[in-house]
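J.: Structure supplied as my_file_23.txt; contents: compact mmCIF, C-alpha atoms.
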# COMPACT_ATOMS: atom_id res chain seq x y z
CA MET A 1 -60.24 -14.62 24.26
CA ASN A 2 -61.81 -11.45 23.00
CA PRO A 3 -60.47 -10.75 19.47
CA ARG A 4 -59.73 -7.18 20.43
CA THR A 5 -57.79 -8.37 23.44
CA GLY A 6 -55.81 -10.76 21.23
CA LEU A 7 -54.98 -7.96 18.81
CA SER A 8 -53.91 -5.76 21.69
CA VAL A 9 -51.60 -8.46 23.07
CA PHE A 10 -50.16 -9.00 19.59
CA ALA A 11 -49.59 -5.27 19.11
CA ILE A 12 -47.90 -5.00 22.49
CA GLY A 13 -45.72 -7.96 21.57
CA LEU A 14 -44.70 -6.24 18.33
CA VAL A 15 -43.83 -3.10 20.22
CA LEU A 16 -41.73 -5.04 22.72
CA VAL A 17 -39.95 -6.95 19.97
CA GLY A 18 -39.33 -3.73 18.09
CA ALA A 19 -38.00 -2.07 21.22
CA PHE A 20 -35.73 -5.05 21.89
CA PHE A 21 -34.18 -4.92 18.41
CA PHE A 22 -34.33 -1.25 17.51
CA ALA A 23 -34.86 1.08 20.46
CA PRO A 24 -31.56 2.87 21.37
CA ILE A 25 -31.91 2.41 25.11
CA VAL A 26 -28.48 1.08 26.11
CA THR A 27 -25.89 3.83 26.65
CA TYR A 28 -22.16 3.45 26.10
CA THR A 29 -19.55 6.08 26.95
CA LYS A 30 -15.93 6.13 25.84
CA SER A 31 -13.19 8.50 26.99
CA PHE A 32 -10.15 9.27 24.83
CA PRO A 33 -7.22 11.11 26.47
CA LEU A 34 -4.82 12.34 23.77
CA ALA A 35 -1.24 11.88 24.91
CA PHE A 36 0.24 15.10 23.52
CA ALA A 37 -2.72 17.50 23.20
CA ILE A 38 -1.30 20.43 25.16
CA GLU A 39 -3.15 23.74 25.45
CA GLN A 40 -1.98 26.64 23.35
CA GLY A 41 0.58 28.81 25.13
CA ALA A 42 1.49 26.09 27.62
CA TYR A 43 5.01 25.56 26.27
CA SER A 44 5.90 29.21 26.73
CA ALA A 45 4.25 29.48 30.17
CA CYS A 46 5.87 26.28 31.46
CA SER A 47 9.24 27.33 30.12
CA GLU A 48 8.91 30.63 31.96
CA GLU A 49 8.03 28.77 35.14
CA ALA A 50 10.76 26.13 34.93
CA PHE A 51 13.63 27.89 33.19
CA GLY A 52 12.88 31.58 33.61
CA THR A 53 12.64 32.13 29.85
CA ALA A 54 9.49 32.52 27.77
CA ALA A 55 10.57 30.00 25.12
CA PRO A 56 11.73 26.42 25.70
CA PRO A 57 15.53 26.22 25.73
CA ALA A 58 17.43 23.87 23.45
CA PHE A 59 17.52 20.41 25.03
CA GLU A 60 20.58 18.23 24.87
CA VAL A 61 20.31 14.48 24.42
CA VAL A 62 20.28 12.95 27.91
CA PRO A 63 22.16 9.64 28.39
CA LEU A 64 19.95 6.69 29.30
CA ASN A 65 21.64 6.28 32.68
CA ALA A 66 21.41 9.96 33.60
CA THR A 67 18.83 11.74 35.77
CA LEU A 68 16.77 14.62 34.37
CA THR A 69 17.46 17.97 35.95
CA ALA A 70 14.97 19.44 38.37
CA GLU A 71 14.18 22.16 35.81
CA SER A 72 13.33 19.59 33.12
CA ASP A 73 11.16 17.66 35.57
CA SER A 74 9.38 20.89 36.48
CA PHE A 75 8.86 21.75 32.81
CA ASN A 76 7.38 18.33 31.97
CA ASN A 77 5.19 18.29 35.08
CA CYS A 78 3.87 21.72 34.14
CA LEU A 79 2.99 20.53 30.63
CA ASP A 80 1.10 17.60 32.15
CA GLN A 81 -1.11 20.12 33.94
CA HIS A 82 -1.99 21.74 30.62
CA LEU A 83 -3.10 18.64 28.74
CA PHE A 84 -6.57 18.82 27.26
CA PRO A 85 -9.09 16.75 29.24
CA PRO A 86 -10.13 13.44 27.69
CA TYR A 87 -12.54 13.63 24.77
CA ASN A 88 -15.82 11.86 25.67
CA VAL A 89 -18.21 10.28 23.22
CA THR A 90 -21.58 8.68 23.95
CA GLY A 91 -23.45 6.17 21.81
CA ARG A 92 -26.60 4.11 22.16
CA SER A 93 -27.70 0.70 20.98
CA SER A 94 -30.62 -1.65 21.39
CA LEU A 95 -30.89 -4.46 23.94
CA SER A 96 -30.48 -6.97 21.14
CA TYR A 97 -27.06 -5.56 20.33
CA GLN A 98 -25.95 -5.61 23.96
CA ILE A 99 -27.15 -9.18 24.53
CA LEU A 100 -26.89 -10.84 21.10
CA GLY A 101 -24.69 -8.52 19.09
CA ILE A 102 -27.54 -8.08 16.59
CA GLY A 103 -28.48 -4.64 15.32
CA SER A 104 -26.75 -1.29 15.02
CA PRO A 105 -23.65 -0.74 17.17
CA PRO A 106 -23.55 2.32 19.44
CA PHE A 107 -20.67 4.00 17.61
CA ALA A 108 -19.87 4.70 14.00
CA SER A 109 -16.97 2.69 12.59
CA ARG A 110 -14.73 5.75 12.74
CA LEU A 111 -14.49 8.76 15.07
CA LEU A 112 -12.37 11.83 14.25
CA PHE A 113 -12.08 14.61 16.83
CA THR A 114 -9.83 17.60 17.51
CA GLN A 115 -8.49 19.25 20.65
CA GLY A 116 -6.71 22.50 19.92
CA ASN A 117 -4.33 21.79 17.06
CA TYR A 118 -4.31 18.04 17.73
CA SER A 119 -6.46 15.31 16.20
CA GLY A 120 -7.53 11.89 17.41
CA LEU A 121 -8.76 9.16 15.09
CA VAL A 122 -10.43 6.08 16.57
CA TYR A 123 -11.68 2.97 14.74
CA PHE A 124 -14.37 0.89 16.44
CA ASN A 125 -15.18 -2.78 16.19
CA GLY A 126 -18.59 -2.76 17.80
CA THR A 127 -18.10 -1.34 21.30
CA LYS A 128 -14.37 -2.06 21.33
CA VAL A 129 -11.61 0.23 20.07
CA ALA A 130 -9.84 -1.49 17.18
CA ALA A 131 -7.16 1.19 16.70
CA ALA A 132 -6.45 4.76 17.77
CA TYR A 133 -4.13 7.37 16.23
CA GLU A 134 -2.91 10.77 17.36
CA PHE A 135 -1.85 13.58 15.01
CA PHE A 136 0.07 16.73 15.82
CA GLN A 137 -2.24 18.71 13.53
CA LYS A 138 -5.78 18.67 12.19
CA VAL A 139 -6.31 15.91 9.67
CA GLU A 140 -8.53 14.79 6.80
CA VAL A 141 -9.18 11.05 6.47
CA ASP A 142 -9.27 9.30 3.06
CA PRO A 143 -9.62 12.40 0.86
CA THR A 144 -10.63 11.82 -2.77
CA GLY A 145 -8.78 13.13 -5.80
CA VAL A 146 -5.50 13.59 -3.91
CA TYR A 147 -3.44 10.40 -4.22
CA GLN A 148 -3.62 6.92 -5.70
CA LEU A 149 -1.99 3.94 -4.02
CA LEU A 150 -0.59 2.15 -7.06
CA ASN A 151 0.73 -0.86 -5.18
CA ALA A 152 1.73 -2.09 -1.77
CA SER A 153 3.13 -5.53 -1.09
CA VAL A 154 5.65 -7.68 0.71
CA GLN A 155 8.10 -8.95 -1.89
CA MET A 156 11.26 -10.98 -2.15
CA SER A 157 14.12 -8.78 -3.34
CA GLY A 158 16.73 -9.93 -5.80
CA PHE A 159 19.12 -10.48 -2.89
CA GLY A 160 16.75 -12.91 -1.18
CA ASN A 161 15.53 -10.46 1.47
CA LEU A 162 11.96 -9.73 2.41
CA GLU A 163 11.02 -6.21 1.39
CA PHE A 164 7.93 -4.03 1.71
CA ILE A 165 7.37 -1.76 -1.31
CA ALA A 166 4.62 0.78 -1.97
CA SER A 167 4.17 3.29 -4.80
CA ILE A 168 1.93 6.36 -4.62
CA LYS A 169 0.87 8.81 -7.35
CA ASN A 170 -0.22 12.41 -6.86
CA ILE A 171 -3.50 12.60 -8.79
CA GLY A 172 -4.47 16.04 -7.45
CA SER A 173 -3.73 19.56 -8.65
CA SER A 174 -1.56 20.53 -5.66
CA PRO A 175 1.82 19.22 -4.51
CA ILE A 176 2.01 16.75 -1.63
CA SER A 177 4.66 17.33 1.05
CA ASN A 178 6.07 14.90 3.61
CA LEU A 179 4.40 11.96 1.90
CA GLY A 180 5.19 8.75 3.74
CA VAL A 181 4.16 5.12 4.14
CA ALA A 182 4.21 3.00 7.29
CA THR A 183 2.99 -0.43 8.34
CA SER A 184 2.23 -2.28 11.54
CA GLY A 185 2.14 -6.04 11.88
CA LEU A 186 5.20 -6.63 9.69
CA PRO A 187 8.68 -7.59 10.96
CA ALA A 188 10.03 -4.08 10.33
CA SER A 189 12.27 -2.17 12.71
CA ASN A 190 10.67 1.18 11.86
CA SER A 191 6.99 0.42 12.39
CA PRO A 192 4.94 3.20 14.04
CA GLY A 193 5.37 3.46 17.78
CA TYR A 194 2.84 3.77 20.59
CA VAL A 195 2.41 6.23 23.43
CA THR A 196 0.18 5.77 26.47
CA ARG A 197 -1.85 8.27 28.46
CA ASP A 198 -4.15 7.27 31.33
CA GLY A 199 -3.79 3.63 30.28
CA PHE A 200 -4.91 4.26 26.70
CA ASN A 201 -2.57 3.46 23.77
CA TRP A 202 -2.20 5.82 20.81
CA THR A 203 -0.29 5.10 17.62
CA GLU A 204 1.97 8.03 16.83
CA VAL A 205 1.21 9.05 13.25
CA GLY A 206 4.22 10.00 11.19
CA PRO A 207 5.79 8.13 8.27
CA ALA A 208 8.08 5.32 9.34
CA TRP A 209 9.99 5.97 6.13
CA THR A 210 9.65 8.74 3.56
CA CYS A 211 8.20 8.32 0.11
CA SER A 212 8.68 11.95 -1.01
CA ASP A 213 9.39 15.28 0.67
CA TYR A 214 7.69 17.03 -2.25
CA LEU A 215 5.61 15.21 -4.86
CA ALA A 216 4.36 17.37 -7.74
CA PRO A 217 0.98 16.69 -9.42
CA GLY A 218 1.28 13.61 -11.63
CA GLY A 219 4.44 12.45 -9.86
CA ILE A 220 5.01 8.93 -8.50
CA CYS A 221 7.18 7.98 -5.52
CA THR A 222 8.15 4.59 -4.12
CA ALA A 223 8.87 3.74 -0.50
CA SER A 224 10.54 0.53 0.64
CA THR A 225 12.04 -1.09 3.69
CA ILE A 226 13.82 -4.38 4.33
CA LEU A 227 11.95 -6.75 6.65
CA ALA A 228 13.29 -9.41 8.97
CA ASN A 229 12.99 -12.86 7.41
CA THR A 230 10.42 -15.08 9.12
CA ASN A 231 8.84 -18.47 8.59
CA ALA A 232 5.38 -16.96 8.13
CA THR A 233 3.30 -18.32 5.27
CA ARG A 234 0.92 -15.33 5.22
CA TYR A 235 1.24 -11.68 6.22
CA ASN A 236 -1.57 -9.69 7.84
CA TYR A 237 -0.69 -6.06 8.38
CA THR A 238 -2.02 -2.52 8.42
CA LEU A 239 -0.87 0.01 5.85
CA TYR A 240 -0.78 3.77 6.49
CA VAL A 241 -0.31 6.70 4.11
CA VAL A 242 0.17 10.23 5.46
CA GLY A 243 1.08 13.57 3.89
CA GLN A 244 0.24 17.27 3.53
CA ILE A 245 -1.81 18.66 0.66
CA GLY A 246 -0.56 21.92 -0.81
CA GLY A 247 2.80 22.09 0.91
CA ALA A 248 4.21 21.49 4.38
CA SER A 249 1.72 23.91 5.97
CA GLY A 250 -1.28 22.47 4.13
CA THR A 251 -3.94 20.00 5.20
CA THR A 252 -2.73 16.69 6.60
CA PHE A 253 -4.39 13.57 5.19
CA PHE A 254 -4.37 10.00 6.45
CA HIS A 255 -5.24 6.61 4.95
CA ARG A 256 -5.41 3.26 6.71
CA GLU A 257 -6.27 -0.20 5.39
CA ALA A 258 -5.83 -3.84 6.32
CA ARG A 259 -3.76 -6.01 3.99
CA GLU A 260 -3.26 -9.76 3.67
CA GLN A 261 -1.09 -11.78 1.30
CA ALA A 262 0.80 -15.01 0.96
CA ALA A 263 4.49 -14.97 1.81
CA PRO A 264 6.48 -14.29 -1.39
CA GLN A 265 8.95 -16.73 -2.87
CA LEU A 266 12.28 -15.98 -4.49
CA GLY A 267 12.03 -15.85 -8.28
CA LEU A 268 9.03 -16.07 -10.56
CA GLY A 269 5.71 -17.57 -9.56
CA LYS A 270 2.02 -16.82 -10.01
CA ASP A 271 2.12 -14.27 -7.18
CA TRP A 272 5.10 -12.52 -8.80
CA VAL A 273 3.28 -12.24 -12.13
CA ASN A 274 0.11 -10.98 -10.41
CA LEU A 275 2.08 -8.24 -8.64
CA PHE A 276 3.88 -7.36 -11.87
CA MET A 277 0.60 -7.07 -13.80
CA ASN A 278 -0.99 -5.05 -10.97
CA GLN A 279 1.77 -2.49 -11.40
CA VAL A 280 1.39 -2.53 -15.18
CA ASN A 281 -2.37 -2.02 -14.87
CA ALA A 282 -1.90 0.81 -12.38
CA GLU A 283 0.21 2.65 -14.96
CA ARG A 284 -2.32 2.00 -17.76
CA HIS A 285 -4.70 4.54 -16.14
CA GLY A 286 -7.93 2.61 -15.80
CA THR A 287 -7.70 0.22 -18.76
CA PRO A 288 -6.48 -3.03 -17.18
CA LEU A 289 -5.21 -6.11 -18.95
CA THR A 290 -7.14 -9.25 -17.93
CA GLU A 291 -5.75 -12.77 -18.05
CA ASN A 292 -7.00 -15.12 -20.76
CA SER A 293 -6.44 -18.88 -20.40
CA THR A 294 -6.18 -19.37 -24.19
CA LEU A 295 -3.36 -16.84 -24.30
CA ASP A 296 -1.73 -18.66 -21.36
CA ARG A 297 -1.64 -21.84 -23.46
CA PHE A 298 -0.20 -19.98 -26.43
CA ALA A 299 2.47 -18.45 -24.15
CA ALA A 300 3.52 -21.98 -23.11
CA LEU A 301 3.82 -22.97 -26.79
CA ARG A 302 5.85 -19.86 -27.52
CA PHE A 303 8.26 -20.57 -24.68
CA ALA A 304 8.96 -24.02 -26.08
CA SER A 305 9.57 -22.67 -29.59
CA ALA A 306 11.49 -19.50 -28.74
CA SER A 307 13.77 -21.17 -26.19
CA SER A 308 14.73 -23.87 -28.68
CA GLN A 309 16.56 -21.20 -30.69
CA PRO A 310 17.41 -18.54 -28.09
CA GLN A 311 19.88 -16.77 -30.36
CA MET A 312 17.07 -15.79 -32.76
CA SER A 313 14.61 -13.09 -31.66
CA ASP A 314 11.00 -14.33 -31.28
CA TYR A 315 11.88 -17.53 -33.10
CA GLY A 316 8.88 -19.16 -34.84
CA PHE A 317 6.31 -16.59 -33.70
CA LEU A 318 4.40 -16.13 -36.98
CA THR A 319 4.26 -19.88 -37.66
CA ASP A 320 3.07 -20.64 -34.11
CA ARG A 321 0.43 -17.92 -34.25
CA THR A 322 -1.05 -19.22 -37.50
CA THR A 323 -0.93 -22.84 -36.35
CA PHE A 324 -2.47 -22.12 -32.94
CA PHE A 325 -5.18 -19.58 -33.84
CA GLY A 326 -5.88 -20.29 -37.49
CA LEU A 327 -8.34 -17.63 -38.62
CA GLY A 328 -9.86 -17.21 -35.16
CA VAL A 329 -10.37 -14.08 -33.12
CA PHE A 330 -6.67 -13.83 -32.20
CA ALA A 331 -5.36 -14.57 -35.70
CA SER A 332 -4.21 -10.98 -36.03
CA GLY A 333 -3.34 -8.40 -33.45
CA VAL A 334 -1.54 -10.82 -31.12
CA THR A 335 1.95 -9.84 -30.03
CA GLU A 336 4.49 -11.27 -27.63
CA LEU A 337 7.02 -9.94 -25.15
CA LEU A 338 10.01 -12.02 -24.11
CA LEU A 339 11.29 -10.75 -20.77
CA TYR A 340 14.12 -11.95 -18.52
CA PRO A 341 13.44 -10.71 -14.96
CA GLY A 342 15.72 -13.17 -13.14
CA VAL A 343 15.18 -12.55 -9.42
CA SER A 344 14.03 -8.93 -9.74
CA ALA A 345 11.18 -7.78 -7.50
CA PRO A 346 7.96 -7.34 -9.55
CA TYR A 347 7.11 -3.67 -8.93
CA PRO A 348 10.52 -2.15 -9.69
CA TYR A 349 10.90 -4.46 -12.68
CA ALA A 350 7.65 -3.20 -14.20
CA SER A 351 8.76 0.41 -13.81
CA ASP A 352 12.36 -0.27 -14.93
CA LEU A 353 11.17 -1.65 -18.27
CA GLN A 354 10.43 1.91 -19.35
CA GLY A 355 14.18 2.54 -19.52
CA SER A 356 15.58 -0.93 -20.15
CA ALA A 357 13.06 -2.11 -22.77
CA PRO A 358 11.00 0.89 -23.94
CA LYS A 359 9.30 -0.94 -26.83
CA HIS A 360 8.17 -3.72 -24.51
CA PHE A 361 6.94 -1.15 -21.98
CA ALA A 362 5.05 0.73 -24.73
CA ALA A 363 3.31 -2.49 -25.74
CA LEU A 364 2.20 -3.07 -22.14
CA MET A 365 0.84 0.48 -22.02
CA ASN A 366 -0.94 0.17 -25.41
CA THR A 367 -4.68 0.29 -24.63
CA THR A 368 -5.43 -1.55 -27.89
CA TYR A 369 -4.53 -4.67 -25.92
CA THR A 370 -7.06 -5.72 -23.30
CA GLN A 371 -6.04 -9.33 -22.55
CA PHE A 372 -2.84 -11.15 -21.70
CA GLY A 373 -1.47 -14.61 -21.14
CA TYR A 374 1.87 -15.69 -19.70
CA TYR A 375 4.28 -18.54 -19.14
CA PHE A 376 7.66 -18.69 -17.44
CA GLY A 377 10.49 -21.17 -17.41
CA GLU A 378 14.26 -21.65 -17.45
CA ALA A 379 16.21 -21.71 -20.72
CA PRO A 380 19.51 -20.55 -22.29
CA TYR A 381 19.90 -16.83 -22.92
CA TYR A 382 22.26 -14.37 -24.59
CA LEU A 383 23.27 -11.59 -22.21
CA VAL A 384 24.04 -8.19 -23.75
CA SER A 385 26.53 -5.89 -22.01
CA VAL A 386 24.98 -3.25 -19.74
CA ASN A 387 26.58 -0.29 -21.52
CA CYS A 388 25.22 -1.26 -24.93
CA PRO A 389 23.62 1.78 -26.65
CA VAL A 390 20.90 -0.42 -28.17
CA LYS A 391 18.27 -1.86 -25.83
CA GLU A 392 16.10 -4.10 -28.02
CA VAL A 393 16.01 -5.84 -31.39
CA PRO A 394 13.56 -4.16 -33.82
CA SER A 395 11.67 -7.27 -34.99
CA ALA A 396 11.45 -11.06 -35.04
CA GLY A 397 13.90 -13.39 -36.75
CA ILE A 398 17.09 -11.43 -35.98
CA ASN A 399 20.35 -13.08 -34.89
CA ILE A 400 20.84 -11.50 -31.46
CA THR A 401 24.63 -11.94 -31.32
CA GLN A 402 25.24 -10.48 -34.76
CA TYR A 403 22.84 -7.58 -34.22
CA PHE A 404 24.28 -6.34 -30.91
CA GLU A 405 27.91 -7.01 -31.82
CA GLY A 406 27.28 -4.77 -34.82
CA TYR A 407 26.84 -1.92 -32.34
CA GLY A 408 30.07 -2.78 -30.52
CA CYS A 409 28.33 -4.60 -27.67
CA THR A 410 29.45 -7.79 -25.96
CA VAL A 411 27.09 -10.79 -26.06
CA THR A 412 27.65 -13.61 -23.56
CA PRO A 413 25.82 -16.98 -23.66
CA VAL A 414 24.12 -17.84 -20.34
CA PRO A 415 23.14 -21.52 -19.94
CA ASP A 416 20.17 -20.95 -17.62
CA MET A 417 17.99 -17.82 -17.31
CA THR A 418 14.39 -17.20 -16.25
CA TRP A 419 12.18 -16.35 -19.22
CA LEU A 420 8.78 -14.66 -18.88
CA VAL A 421 6.66 -14.89 -22.03
CA ILE A 422 3.76 -12.43 -22.14
CA ILE A 423 1.17 -12.57 -24.91
CA LEU A 424 -1.00 -9.49 -25.56
CA ALA A 425 -4.21 -9.41 -27.58
CA PRO A 426 -7.15 -7.02 -28.20
What's the structure tokens form of this structure?

T.:
Amino acid sequence: MNPRTGLSVFAIGLVLVGAFFFAPIVTYTKSFPLAFAIEQGAYSACSEEAFGTAAPPAFEVVPLNATLTAESDSFNNCLDQHLFPPYNVTGRSSLSYQILGIGSPPFASRLLFTQGNYSGLVYFNGTKVAAAYEFFQKVEVDPTGVYQLLNASVQMSGFGNLEFIASIKNIGSSPISNLGVATSGLPASNSPGYVTRDGFNWTEVGPAWTCSDYLAPGGICTASTILANTNATRYNYTLYVVGQIGGASGTTFFHREAREQAAPQLGLGKDWVNLFMNQVNAERHGTPLTENSTLDRFAALRFASASSQPQMSDYGFLTDRTTFFGLGVFASGVTELLLYPGVSAPYPYASDLQGSAPKHFAALMNTTYTQFGYYFGEAPYYLVSVNCPVKEVPSAGINITQYFEGYGCTVTPVPDMTWLVIILAP
């Protein structure tokens, strides 16, 4: 073969291979008919046509077994004639993507479009629609500097019920109105609903439960809902956050993310502690505490010592610290927190410490500490009456009964209580 001919064949082969993998020659078209995108002025015009008035009249709730009036049918049929046409989008991919699924997909992972005052948001998985959402206003997706999702998790409440809890902080300079959280894929009765137009399903965006009607800058709100108990060992669900920036008439924002977690168990466990520390770290503003296995071992030692004399605060701490660390890196600066969460859910418990045990909460917020260890177990406990004006003992080695009774409080021995020992160190 002539060398030039061989080079030509090779070059042609490269071109064909390149075209197969990279040339955008396969066309895909998708059509998205919003279910409620009605042209401006249609409500007034259809009301005039059906009812003889320029504004829609007040509708009464119609019983399920009743028939809509002819006027209502006429009004709804008129609105159907004023729906925006479907929104069409075209994308292209290479032959390799169509045949092998290799290469760039024809559509971006997310498509946001508007029709009048309505918005559609579509998420793609390749050429397939993974999810689609309709908004009754224009929307901004995943804005920065507006909110921070501090936590979101399925938990076991103190009453033994499954519960979804999420906390959100306003980190912007403007208030957030109508801030809400919703989920799909969880056994909740108030998950977002769906509406269909021309055979296409849209998730109706609107909070399934409210977090805050008005959240000022720096404020934190918590949303929760009770879930139906199931035998699931893991939960896979989608989380939504929606609200308006700058008041009820401001810009609507939307956030969506997939979540997965193991099913929670009643009482303390590793998952409980992880959720608790996630909440603590969220409130430490970017300076997280990280777990240290050496501190975990010291926490186990401290549980054994402290629970042997539960009537004395932090019994044996100084002796244990010197014996365990000697003159090592943790010889000074190590502190301990003895907490008694019982069957409390982890997120509320972390936040409630600010009022119930302010010194303990301040230690968790102290950015001098960068590491933690923990241990939990069951041991006797001395329960102080709820209305006691004093929340905590001031130092180690204090007789708990004598100290609190000195303030007129009642102290009751409890034979078995869950202890959580947390060790903090620089």

J.: For a test of reading the model, state the distance in Å between CA of Tyr118 (chain A) and CA of Val205 (chain A), rounded to one decimal.

T.: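 Taking CA of Tyr118 (chain A) and CA of Val205 (chain A), their separation equals 11.5 Å.
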
J.: Pick out the residues sitting within 10 Å of region 404-420 of chain A, and hand them over as a compact mmCIF listing (two decimals) with C-alpha atoms, keeping the file's coordinate frame; count all atoms listed in the file, and ignore anything fewer than 5 positions along from it in its own chain.

T.:
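That gives us result_10.txt:
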# COMPACT_ATOMS: atom_id res chain seq x y z
CA GLY A 267 12.03 -15.85 -8.28
CA LEU A 268 9.03 -16.07 -10.56
CA VAL A 273 3.28 -12.24 -12.13
CA ALA A 299 2.47 -18.45 -24.15
CA ALA A 300 3.52 -21.98 -23.11
CA PHE A 303 8.26 -20.57 -24.68
CA SER A 307 13.77 -21.17 -26.19
CA PRO A 310 17.41 -18.54 -28.09
CA GLN A 311 19.88 -16.77 -30.36
CA LEU A 337 7.02 -9.94 -25.15
CA LEU A 338 10.01 -12.02 -24.11
CA LEU A 339 11.29 -10.75 -20.77
CA TYR A 340 14.12 -11.95 -18.52
CA PRO A 341 13.44 -10.71 -14.96
CA GLY A 342 15.72 -13.17 -13.14
CA VAL A 343 15.18 -12.55 -9.42
CA TYR A 374 1.87 -15.69 -19.70
CA TYR A 375 4.28 -18.54 -19.14
CA PHE A 376 7.66 -18.69 -17.44
CA GLY A 377 10.49 -21.17 -17.41
CA GLU A 378 14.26 -21.65 -17.45
CA ALA A 379 16.21 -21.71 -20.72
CA PRO A 380 19.51 -20.55 -22.29
CA TYR A 381 19.90 -16.83 -22.92
CA TYR A 382 22.26 -14.37 -24.59
CA LEU A 383 23.27 -11.59 -22.21
CA VAL A 384 24.04 -8.19 -23.75
CA SER A 385 26.53 -5.89 -22.01
CA VAL A 386 24.98 -3.25 -19.74
CA ASN A 387 26.58 -0.29 -21.52
CA CYS A 388 25.22 -1.26 -24.93
CA PRO A 389 23.62 1.78 -26.65
CA VAL A 390 20.90 -0.42 -28.17
CA LYS A 391 18.27 -1.86 -25.83
CA GLU A 392 16.10 -4.10 -28.02
CA VAL A 393 16.01 -5.84 -31.39
CA ASN A 399 20.35 -13.08 -34.89

J.: Using all atoms listed in the file, which residue out of A:Gly397, A:Leu301, A:Phe276, A:Glu134 lies closest to Leu353 (chain A)?

T.: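 Closest candidate: A:Phe276.
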
J.: Please list as a PDB file with C-alpha atoms, keeping the file's coordinate frame every residue within 7 Å of Asn117 (chain A), counting all atoms listed in the file and excluding residues in the same chain fewer than 4 positions away.

T.:
ATOM      1  CA  PHE A 136       0.070  16.730  15.820  1.00  0.00           C
ATOM      2  CA  GLN A 137      -2.240  18.710  13.530  1.00  0.00           C
ATOM      3  CA  LYS A 138      -5.780  18.670  12.190  1.00  0.00           C
TER       4      LYS A 138
END

J.: Counting all atoms listed in the file, give me one row per residue of region 175-267 of chain A with an atom at most 8 Å from an atom of region 23-47 of chain A, showing the shortest contact pair and its distance in Å to one decimal, sorted by chain then residue number, as a Markdown table.

T.:
| residue | atom | partner | partner_atom | distance |
| --- | --- | --- | --- | --- |
| A:Val195 | CA | A:Ala35 | CA | 6.9 |
| A:Thr196 | CA | A:Ala35 | CA | 6.5 |
| A:Arg197 | CA | A:Ala35 | CA | 5.1 |
| A:Asp198 | CA | A:Pro33 | CA | 6.9 |
| A:Phe200 | CA | A:Pro33 | CA | 7.2 |
| A:Trp202 | CA | A:Ala35 | CA | 7.4 |

J.: Keeping only C-alpha atoms, take the residues you just selected and write them out as a CSV table (one decimal), in the frame of the given file.

T.:
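File part-v6.csv, as written:
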chain,number,residue,atom,x,y,z
A,195,VAL,CA,2.4,6.2,23.4
A,196,THR,CA,0.2,5.8,26.5
A,197,ARG,CA,-1.8,8.3,28.5
A,198,ASP,CA,-4.2,7.3,31.3
A,200,PHE,CA,-4.9,4.3,26.7
A,202,TRP,CA,-2.2,5.8,20.8

J.: Kindly give the distance, in Å, that separates CA of Gly243 (chain A) and CA of Gln148 (chain A), rounded to a single decimal.

T.: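 Atom-to-atom, CA of Gly243 (chain A) to CA of Gln148 (chain A), that is 12.6 Å.
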
J.: For a test of reading the model, state the distance in Å between CA of Ala223 (chain A) and CA of Ser191 (chain A), rounded to one decimal.

T.: 13.4 Å

J.: Rank A:Val241, A:Val141, A:Ala216, A:Ala263 by their smallest atom-to-atom distance to Leu186 (chain A), using all atoms listed in the file, and report the top residue only.

T.: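 Nearest candidate to Leu186 (chain A) out of A:Val241, A:Val141, A:Ala216, A:Ala263: A:Ala263.
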
J.: Looking at A:Thr287, A:Ser153, A:Ser305, A:Thr322, which one is nearest to Glu260 (chain A), with distances taken over all atoms listed in the file?

T.: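 Smallest distance to Glu260 (chain A) is found for A:Ser153.
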